[in-house]
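Undergrad: Got a structure here, written out as structure tokens. Questions coming.
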Amino acid sequence: MLQSIRPLLGRIKKHDKTALAQAITFAESDFSSHKEIFSLSIPSSIRRIGITGPPGVGKSTLISHYTKYLLKKKRSVGILSIDPSSAISGGALLGDRVRMQEISGNKKVFIRSLSSKGALGGLSPATSAVLRLYELWGFDDILIETVGSGQSDIEISMLAETTVLVMIPQLGDEIQALKAGIMEMVHVIALNRAEQMQAKETISSLLASFSAASDKKHQPPIVELKNLFAEGLEKLDAAITVHKKSVNSQFSAFKSHRIHQEALNLAFHDCTMILQNNALKTSKGTSVLALKENLLKSLKRSL
Amino acid sequence: MVGTKRNIRVLVAKPGLDGHDRGAKVLARALRDAGMEVIYTGIRQTPESIVSAAVEEDVDCIALSILSGAHLSLFPEILKLLKQQKTKKFLLVAGGIIPEGDVSQLKKLGIAGVFGPGTPLQTAVDFIKSHVRV
């Protein structure tokens with residue numbers, strides 16, 4: 001086992017998969033490696049694409065098919081797939097590769113599965129560090145797949161410049177689309193299984209909710225993916241490129257926003273760790289507010 | 001559970017042409033419940049795809065499940081490819097329908113543990129836990 005991440009970084013630039021794999025393990029389990037990782041740059045040329053949506057809508061399968069499409073365009077692809085960890089054992093079953101068999105092993109593709117390690121929000125505590133390592137490699141496209149997510153899992157939209165929400169027909173009516181949360185953070189909506197009869201209804205309720213918004217600028221394009229991804233990938237790619245161009249026109253703003261978010265994530269993680277450790281030590285009591293005060297005091301002391 | 005704890009990572013892989021993976025799934029679930037991060041890649045994996053998944057996922061252990069009887073042709077191929085990687089040593093274990101007469105040959109190849117039908121799940125869990133150095 002290596003003692004430091006440093007020797008790996010040079011090898012990652014030379015596209016050594018073993019080095020990238022071991023560096024990711026460092027990023028996940030040894031936060032002292034973050035000093036080196038977060039001094040790496042955030043290049044504007046890379047497309048960072050977040051793929052989010054409820055469980056079972058086809059996020060992993062979309063990634064597999066979209067990656068095949070990108071490979072045909074001679075692009076290299078880094079994939080980061082996050083699956084939930086068990087709140088009981090801390091273990092995880094990471095099964096996204098099952099859907100990605102056709103692209104696994106390709107020289108221009110790297111796939112890593114991460115456990116959410118108890119974090120909420122759809123990502124894992126080390127996601128932003130791993131993203132930096134992918135950027136160091138210099139993939140043309142980086143696809144980040146969130147855990148099957150709910151309405152409020154918006155963390156992905158802080159890290160990836162383009163967030164794609166994958167949906168299938170009949171997930172909910174117009175009221176669902178009107179609610180705050182992920183719906184207002186997405187840049188592209190990919191409607192999978194759009195060949196189904198009910199897809200028209202879904203699209204019209206989405207459009208109706210957009211037209212009710214006061215900010216008419218935020219109307220993410222809806223891309224229809226049909227017949228097991230045989231149709232629609234080209235339109236999806238075009239929509240992502242259009243959005244990427246708009247981000248790049250003000251890239252420094254995106255960058256400072258992301259750095260801010262990365263810092264917040266790390267600070268949040270540290271505080272959570274301290275609180276959880278201290279909670280075990282804090283004597284039991286019956287008053288919620290008194291216990292809360294004790295925990296906050298212990299947090300202040302630990303900091 | 002938010003943390004930096006290093007969990008044991010295991011790749012559960014099915015080489016060859018088996019169509020059934022109930023056993024692999026049951027094992028994957030048991031390892032998950034023992035606190036490990038289990039990467040499952042599905043049925044009909046080639047030696048190449050197994051090795052590339054093990055490298056990319058930086059696993060500690062590769063658990064091979066095979067029912068077809070092709071273990072003596074597929075496992076050596078996997079081990080050959082693993083040796084070509086300039087990566088760390090993986091703990092290798094195997095399970096499924098493997099005749100007892102073949103076990104010593106597999107162990108010579110470098111498969112540390114072979115678990116046949118009827119092995120209690122806890123035996124496999126304990127073996128991996130005690131042989132992986134994290």
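In the structure tokens, each chain is lettered A, B, ... as it comes, each chain's residues begin at 1, and ligands are numbered from 1 in order of appearance.
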Residues of chain A within 7 Å of chain B, using only C-alpha atoms, as a count of residues only?
TA: 27
Undergrad: Write out as a ChimeraX atom specification the residues lying within 12 Å of Leu159 (chain A), counting only C-alpha atoms and excluding same-chain residues fewer than 3 positions away.
TA: /A:42,47-51,122-124,126-132,142-146,154-156,162-163,185,254-265
Undergrad: Can you tell me, as a PyMOL selection string, which residues in region 23-110 of chain B count as helix (DSSP H, G or I) by DSSP?
TA: chain B and resi 23-33+47-57+71-84+100-109
Undergrad: Could you save the residues just selected, with N, CA and C atoms, as a CSV table (one decimal), in the first residue's frame?
TA:
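Dumped everything to again_8.csv:
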```
chain,number,residue,atom,x,y,z
B,23,GLY,N,-26.7,-17.8,-6.9
B,23,GLY,CA,-25.7,-18.0,-5.9
B,23,GLY,C,-24.8,-16.8,-5.7
B,24,ALA,N,-24.4,-16.2,-6.8
B,24,ALA,CA,-23.6,-15.0,-6.8
B,24,ALA,C,-24.3,-13.9,-6.1
B,25,LYS,N,-25.6,-13.7,-6.4
B,25,LYS,CA,-26.4,-12.7,-5.8
B,25,LYS,C,-26.5,-12.9,-4.3
B,26,VAL,N,-26.8,-14.1,-3.9
B,26,VAL,CA,-26.9,-14.4,-2.4
B,26,VAL,C,-25.6,-14.1,-1.7
B,27,LEU,N,-24.5,-14.4,-2.3
B,27,LEU,CA,-23.2,-14.1,-1.7
B,27,LEU,C,-23.0,-12.6,-1.7
B,28,ALA,N,-23.3,-11.9,-2.8
B,28,ALA,CA,-23.1,-10.5,-2.8
B,28,ALA,C,-23.9,-9.8,-1.7
B,29,ARG,N,-25.1,-10.3,-1.5
B,29,ARG,CA,-26.0,-9.7,-0.4
B,29,ARG,C,-25.3,-10.0,1.0
B,30,ALA,N,-24.8,-11.2,1.2
B,30,ALA,CA,-24.2,-11.5,2.5
B,30,ALA,C,-23.0,-10.6,2.7
B,31,LEU,N,-22.2,-10.4,1.7
B,31,LEU,CA,-21.0,-9.6,1.9
B,31,LEU,C,-21.4,-8.1,2.2
B,32,ARG,N,-22.4,-7.7,1.5
B,32,ARG,CA,-22.9,-6.3,1.7
B,32,ARG,C,-23.4,-6.2,3.2
B,33,ASP,N,-24.1,-7.2,3.7
B,33,ASP,CA,-24.6,-7.2,5.0
B,33,ASP,C,-23.5,-7.3,6.0
B,47,PRO,N,-12.7,-13.1,-19.1
B,47,PRO,CA,-11.5,-12.9,-18.3
B,47,PRO,C,-11.1,-11.4,-18.4
B,48,GLU,N,-11.1,-10.9,-19.6
B,48,GLU,CA,-10.6,-9.5,-19.8
B,48,GLU,C,-11.5,-8.5,-19.0
B,49,SER,N,-12.8,-8.7,-19.1
B,49,SER,CA,-13.7,-7.7,-18.5
B,49,SER,C,-13.6,-7.8,-16.9
B,50,ILE,N,-13.4,-9.0,-16.4
B,50,ILE,CA,-13.3,-9.2,-15.0
B,50,ILE,C,-12.0,-8.5,-14.5
B,51,VAL,N,-10.9,-8.7,-15.2
B,51,VAL,CA,-9.7,-8.1,-14.8
B,51,VAL,C,-9.8,-6.5,-14.9
B,52,SER,N,-10.4,-6.1,-15.9
B,52,SER,CA,-10.4,-4.6,-16.1
B,52,SER,C,-11.4,-4.0,-15.0
B,53,ALA,N,-12.4,-4.7,-14.6
B,53,ALA,CA,-13.3,-4.2,-13.6
B,53,ALA,C,-12.6,-4.2,-12.2
B,54,ALA,N,-11.8,-5.3,-12.0
B,54,ALA,CA,-11.1,-5.4,-10.7
B,54,ALA,C,-10.1,-4.2,-10.6
B,55,VAL,N,-9.4,-3.9,-11.7
B,55,VAL,CA,-8.4,-2.8,-11.6
B,55,VAL,C,-9.1,-1.5,-11.4
B,56,GLU,N,-10.1,-1.2,-12.2
B,56,GLU,CA,-10.8,0.1,-12.1
B,56,GLU,C,-11.4,0.3,-10.8
B,57,GLU,N,-12.0,-0.7,-10.2
B,57,GLU,CA,-12.7,-0.6,-9.0
B,57,GLU,C,-11.7,-0.7,-7.8
B,71,HIS,N,-14.0,-24.0,-15.1
B,71,HIS,CA,-13.1,-23.3,-14.2
B,71,HIS,C,-11.6,-23.5,-14.6
B,72,LEU,N,-11.3,-24.8,-15.0
B,72,LEU,CA,-9.9,-25.0,-15.3
B,72,LEU,C,-9.4,-24.4,-16.6
B,73,SER,N,-10.3,-23.9,-17.4
B,73,SER,CA,-9.8,-23.2,-18.6
B,73,SER,C,-9.9,-21.7,-18.4
B,74,LEU,N,-11.0,-21.2,-17.6
B,74,LEU,CA,-11.2,-19.8,-17.4
B,74,LEU,C,-10.3,-19.2,-16.3
B,75,PHE,N,-10.2,-19.9,-15.2
B,75,PHE,CA,-9.4,-19.3,-14.1
B,75,PHE,C,-8.0,-19.0,-14.4
B,76,PRO,N,-7.3,-20.0,-15.1
B,76,PRO,CA,-5.9,-19.7,-15.4
B,76,PRO,C,-5.7,-18.5,-16.3
B,77,GLU,N,-6.7,-18.3,-17.2
B,77,GLU,CA,-6.7,-17.1,-18.1
B,77,GLU,C,-6.8,-15.8,-17.3
B,78,ILE,N,-7.7,-15.8,-16.3
B,78,ILE,CA,-7.9,-14.7,-15.4
B,78,ILE,C,-6.6,-14.4,-14.7
B,79,LEU,N,-6.0,-15.4,-14.1
B,79,LEU,CA,-4.8,-15.3,-13.3
B,79,LEU,C,-3.6,-14.7,-14.2
B,80,LYS,N,-3.6,-15.2,-15.4
B,80,LYS,CA,-2.5,-14.8,-16.4
B,80,LYS,C,-2.7,-13.3,-16.6
B,81,LEU,N,-3.9,-12.8,-16.8
B,81,LEU,CA,-4.2,-11.4,-17.1
B,81,LEU,C,-3.9,-10.6,-15.9
B,82,LEU,N,-4.2,-11.1,-14.7
B,82,LEU,CA,-3.9,-10.4,-13.5
B,82,LEU,C,-2.4,-10.1,-13.3
B,83,LYS,N,-1.7,-11.2,-13.6
B,83,LYS,CA,-0.2,-11.1,-13.4
B,83,LYS,C,0.4,-10.0,-14.3
B,84,GLN,N,-0.3,-9.8,-15.5
B,84,GLN,CA,0.3,-8.8,-16.5
B,84,GLN,C,0.0,-7.4,-15.9
B,100,GLU,N,-14.3,-31.6,-6.0
B,100,GLU,CA,-13.2,-31.6,-5.0
B,100,GLU,C,-11.8,-31.9,-5.6
B,101,GLY,N,-11.8,-32.8,-6.6
B,101,GLY,CA,-10.5,-33.2,-7.1
B,101,GLY,C,-9.8,-32.0,-7.8
B,102,ASP,N,-10.5,-31.0,-8.2
B,102,ASP,CA,-9.9,-29.8,-8.8
B,102,ASP,C,-9.4,-28.8,-7.9
B,103,VAL,N,-9.8,-28.9,-6.6
B,103,VAL,CA,-9.5,-27.8,-5.6
B,103,VAL,C,-8.0,-27.6,-5.5
B,104,SER,N,-7.2,-28.7,-5.3
B,104,SER,CA,-5.8,-28.5,-5.1
B,104,SER,C,-5.1,-27.8,-6.3
B,105,GLN,N,-5.6,-28.2,-7.5
B,105,GLN,CA,-5.0,-27.5,-8.7
B,105,GLN,C,-5.3,-26.0,-8.7
B,106,LEU,N,-6.5,-25.7,-8.3
B,106,LEU,CA,-6.9,-24.2,-8.2
B,106,LEU,C,-6.1,-23.5,-7.2
B,107,LYS,N,-5.9,-24.1,-6.1
B,107,LYS,CA,-5.1,-23.5,-5.0
B,107,LYS,C,-3.7,-23.2,-5.5
B,108,LYS,N,-3.1,-24.2,-6.2
B,108,LYS,CA,-1.8,-24.0,-6.7
B,108,LYS,C,-1.7,-22.8,-7.7
B,109,LEU,N,-2.8,-22.6,-8.4
B,109,LEU,CA,-2.9,-21.5,-9.3
B,109,LEU,C,-2.9,-20.1,-8.6
```
Undergrad: Under the rule that only C-alpha atoms are counted, which of A:Thr61, A:Ser44, A:Ser302, A:Thr67 is the nearest residue to Glu234 (chain A)?
TA: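 Ranking A:Thr61, A:Ser44, A:Ser302, A:Thr67 by distance to Glu234 (chain A), first place goes to A:Thr67.
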Undergrad: Under the rule that only C-alpha atoms are counted, which of B:Leu67, B:Val93, B:Cys61, B:Ala112 is the nearest residue to Val132 (chain B)?
TA: B:Cys61
Undergrad: Given the choices A:Ile168, A:Ile103, A:Gln196, A:Phe38, which gets closest to Lys72 (chain A) if the distance is worked out from only C-alpha atoms?
TA: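 Checking each of A:Ile168, A:Ile103, A:Gln196, A:Phe38 against Lys72 (chain A), counting only C-alpha atoms, the winner is A:Ile103.
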Undergrad: What's the 10 Å shell around Asn278 (chain A), counting only C-alpha atoms, without same-chain residues fewer than 4 positions away, as number ranges by chain?
TA: A: 272-274, 282-283, 294-296, 298-299, 302
Undergrad: Those residues with C-alpha atoms, as a PDB file, in the first residue's frame please?
TA:
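The resulting file, out_29.pdb, is reproduced below:
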```
ATOM      1  CA  THR A 272     -20.919  15.574  10.710  1.00  0.00           C
ATOM      2  CA  MET A 273     -18.036  13.309  11.688  1.00  0.00           C
ATOM      3  CA  ILE A 274     -17.327  15.301  14.833  1.00  0.00           C
ATOM      4  CA  THR A 282     -22.450  12.748  25.152  1.00  0.00           C
ATOM      5  CA  SER A 283     -24.362  11.476  28.121  1.00  0.00           C
ATOM      6  CA  ASN A 294     -24.273  20.052  24.459  1.00  0.00           C
ATOM      7  CA  LEU A 295     -23.528  18.712  21.001  1.00  0.00           C
ATOM      8  CA  LEU A 296     -23.055  22.204  19.566  1.00  0.00           C
ATOM      9  CA  SER A 298     -18.677  19.961  21.835  1.00  0.00           C
ATOM     10  CA  LEU A 299     -18.541  20.780  18.117  1.00  0.00           C
ATOM     11  CA  SER A 302     -13.480  20.156  18.613  1.00  0.00           C
TER      12      SER A 302
END
```
Undergrad: How many Å lie between CA of Phe251 (chain A) and CA of Gly232 (chain A), rounded to one decimal?
TA: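 CA of Phe251 (chain A) sits 27.9 Å away from CA of Gly232 (chain A).
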Undergrad: List the neighbours of Leu171 (chain A) out to 10 Å using only C-alpha atoms; skip same-chain residues closer than 5 positions along the sequence, and give me the result as a VMD selection string.
TA: chain A and resid 54 57 176 to 177 202
Undergrad: Would you export the selected residues with N, CA, C and O atoms as an mmCIF file, in the first residue's frame, please?
TA:
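Ended up saving to part_35.cif:
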```cif
data_model
loop_
_atom_site.group_PDB
_atom_site.id
_atom_site.type_symbol
_atom_site.label_atom_id
_atom_site.label_comp_id
_atom_site.auth_asym_id
_atom_site.auth_seq_id
_atom_site.Cartn_x
_atom_site.Cartn_y
_atom_site.Cartn_z
ATOM 1 N N PRO A 54 -35.028 9.182 -10.457
ATOM 2 C CA PRO A 54 -35.471 8.151 -9.508
ATOM 3 C C PRO A 54 -34.886 6.774 -9.848
ATOM 4 O O PRO A 54 -34.420 6.559 -10.963
ATOM 5 N N VAL A 57 -35.204 4.284 -13.617
ATOM 6 C CA VAL A 57 -35.661 4.958 -14.837
ATOM 7 C C VAL A 57 -34.703 4.730 -16.004
ATOM 8 O O VAL A 57 -35.019 5.075 -17.142
ATOM 9 N N GLN A 176 -46.417 17.596 -9.422
ATOM 10 C CA GLN A 176 -45.057 17.128 -9.130
ATOM 11 C C GLN A 176 -44.035 17.992 -9.854
ATOM 12 O O GLN A 176 -42.989 18.338 -9.316
ATOM 13 N N ALA A 177 -44.336 18.324 -11.097
ATOM 14 C CA ALA A 177 -43.398 19.112 -11.893
ATOM 15 C C ALA A 177 -43.302 20.549 -11.389
ATOM 16 O O ALA A 177 -42.316 21.234 -11.620
ATOM 17 N N THR A 202 -47.041 13.169 -20.249
ATOM 18 C CA THR A 202 -45.941 13.585 -19.374
ATOM 19 C C THR A 202 -45.306 14.863 -19.905
ATOM 20 O O THR A 202 -45.052 15.811 -19.153
#
```
Undergrad: So, counting only C-alpha atoms, which residue among A:Gly78, A:Pro125, A:Gly53, A:Gly148 is closest to Leu20 (chain A)?
TA: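 Once distances to Leu20 (chain A) are computed over only C-alpha atoms, the minimum belongs to A:Gly78.
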Undergrad: Rounded to one decimal in Å, what is the spacing between CA of Pro84 (chain A) and CA of Gly172 (chain A)?
TA: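 For CA of Pro84 (chain A) relative to CA of Gly172 (chain A), the distance reads 23.8 Å.
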Undergrad: Would you return as a list in words the members of region 122-185 of chain A that DSSP assigns to strand (DSSP E) on this structure's backbone?
TA: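 These are the residues in question: Asp141, Ile142, Leu143, Ile144, Glu145, Thr162, Thr163, Val164, Leu165, Val166 and Met167 of chain A.
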Undergrad: Taking 2 positions as the minimum chain separation for residues in the same chain, which residues sit within 12 Å of Met197 (chain A) when counting only C-alpha atoms? Answer as number ranges by chain.
TA: A: 168-170, 193-195, 199-203, 226
Undergrad: Grab the residues selected above and save them as a CSV table (one decimal), in the first residue's frame with all heavy atoms.
TA:
```csv
chain,number,residue,atom,x,y,z
A,168,ILE,N,-39.3,8.7,-16.7
A,168,ILE,CA,-40.1,7.9,-17.6
A,168,ILE,C,-41.5,8.4,-17.5
A,168,ILE,O,-41.9,9.1,-16.6
A,168,ILE,CB,-40.0,6.4,-17.2
A,168,ILE,CG1,-40.2,6.2,-15.7
A,168,ILE,CG2,-38.6,5.8,-17.6
A,168,ILE,CD1,-40.3,4.8,-15.2
A,169,PRO,N,-42.3,8.0,-18.5
A,169,PRO,CA,-43.7,8.5,-18.5
A,169,PRO,C,-44.4,8.0,-17.2
A,169,PRO,O,-44.1,7.0,-16.6
A,169,PRO,CB,-44.4,7.8,-19.7
A,169,PRO,CG,-43.2,7.5,-20.6
A,169,PRO,CD,-42.1,7.2,-19.7
A,170,GLN,N,-45.4,8.8,-16.8
A,170,GLN,CA,-46.3,8.5,-15.7
A,170,GLN,C,-45.7,8.5,-14.3
A,170,GLN,O,-46.1,7.8,-13.5
A,170,GLN,CB,-47.0,7.2,-15.9
A,170,GLN,CG,-48.0,7.2,-17.0
A,170,GLN,CD,-48.9,6.0,-17.1
A,170,GLN,OE1,-48.4,4.9,-17.1
A,170,GLN,NE2,-50.2,6.2,-17.0
A,193,ARG,N,-38.1,5.8,-22.5
A,193,ARG,CA,-39.3,5.0,-22.9
A,193,ARG,C,-40.4,6.0,-23.5
A,193,ARG,O,-41.6,5.8,-23.2
A,193,ARG,CB,-39.9,4.3,-21.7
A,193,ARG,CG,-38.9,3.3,-21.1
A,193,ARG,CD,-39.5,2.5,-20.0
A,193,ARG,NE,-38.4,2.0,-19.1
A,193,ARG,CZ,-38.5,1.7,-17.9
A,193,ARG,NH1,-39.7,1.7,-17.3
A,193,ARG,NH2,-37.5,1.3,-17.1
A,194,ALA,N,-39.9,7.0,-24.3
A,194,ALA,CA,-40.8,8.0,-24.8
A,194,ALA,C,-41.7,7.4,-25.9
A,194,ALA,O,-42.5,8.1,-26.4
A,194,ALA,CB,-40.0,9.2,-25.3
A,195,GLU,N,-41.4,6.2,-26.3
A,195,GLU,CA,-42.3,5.6,-27.3
A,195,GLU,C,-43.6,5.2,-26.7
A,195,GLU,O,-44.6,4.9,-27.5
A,195,GLU,CB,-41.6,4.4,-28.0
A,195,GLU,CG,-41.5,3.1,-27.2
A,195,GLU,CD,-40.4,3.2,-26.1
A,195,GLU,OE1,-39.7,4.2,-26.1
A,195,GLU,OE2,-40.2,2.2,-25.4
A,199,ALA,N,-46.4,9.0,-22.9
A,199,ALA,CA,-45.3,10.0,-22.9
A,199,ALA,C,-45.8,11.4,-23.3
A,199,ALA,O,-45.3,12.4,-22.7
A,199,ALA,CB,-44.2,9.6,-23.9
A,200,LYS,N,-46.8,11.5,-24.2
A,200,LYS,CA,-47.3,12.8,-24.6
A,200,LYS,C,-47.8,13.5,-23.4
A,200,LYS,O,-47.6,14.7,-23.3
A,200,LYS,CB,-48.4,12.6,-25.6
A,200,LYS,CG,-47.9,12.3,-27.0
A,200,LYS,CD,-48.9,12.7,-28.1
A,200,LYS,CE,-48.4,12.5,-29.5
A,200,LYS,NZ,-48.4,11.1,-29.9
A,201,GLU,N,-48.6,12.8,-22.6
A,201,GLU,CA,-49.2,13.4,-21.4
A,201,GLU,C,-48.1,14.0,-20.5
A,201,GLU,O,-48.2,15.1,-19.9
A,201,GLU,CB,-49.9,12.3,-20.6
A,201,GLU,CG,-51.4,12.5,-20.4
A,201,GLU,CD,-51.9,11.2,-19.8
A,201,GLU,OE1,-51.9,11.1,-18.6
A,201,GLU,OE2,-52.4,10.4,-20.6
A,202,THR,N,-47.0,13.2,-20.2
A,202,THR,CA,-45.9,13.6,-19.4
A,202,THR,C,-45.3,14.9,-19.9
A,202,THR,O,-45.1,15.8,-19.2
A,202,THR,CB,-44.9,12.5,-19.3
A,202,THR,OG1,-45.5,11.3,-18.9
A,202,THR,CG2,-43.8,12.8,-18.3
A,203,ILE,N,-45.1,14.9,-21.2
A,203,ILE,CA,-44.4,16.1,-21.8
A,203,ILE,C,-45.3,17.3,-21.7
A,203,ILE,O,-44.9,18.4,-21.3
A,203,ILE,CB,-44.1,15.8,-23.3
A,203,ILE,CG1,-43.0,14.7,-23.4
A,203,ILE,CG2,-43.6,17.1,-24.0
A,203,ILE,CD1,-42.8,14.2,-24.8
A,226,LYS,N,-36.1,7.0,-27.3
A,226,LYS,CA,-37.1,5.9,-27.7
A,226,LYS,C,-36.5,4.6,-28.0
A,226,LYS,O,-35.3,4.6,-28.5
A,226,LYS,CB,-37.9,6.4,-28.9
A,226,LYS,CG,-38.8,7.6,-28.6
A,226,LYS,CD,-39.6,8.0,-29.9
A,226,LYS,CE,-40.5,9.2,-29.6
A,226,LYS,NZ,-41.0,9.8,-30.8
```
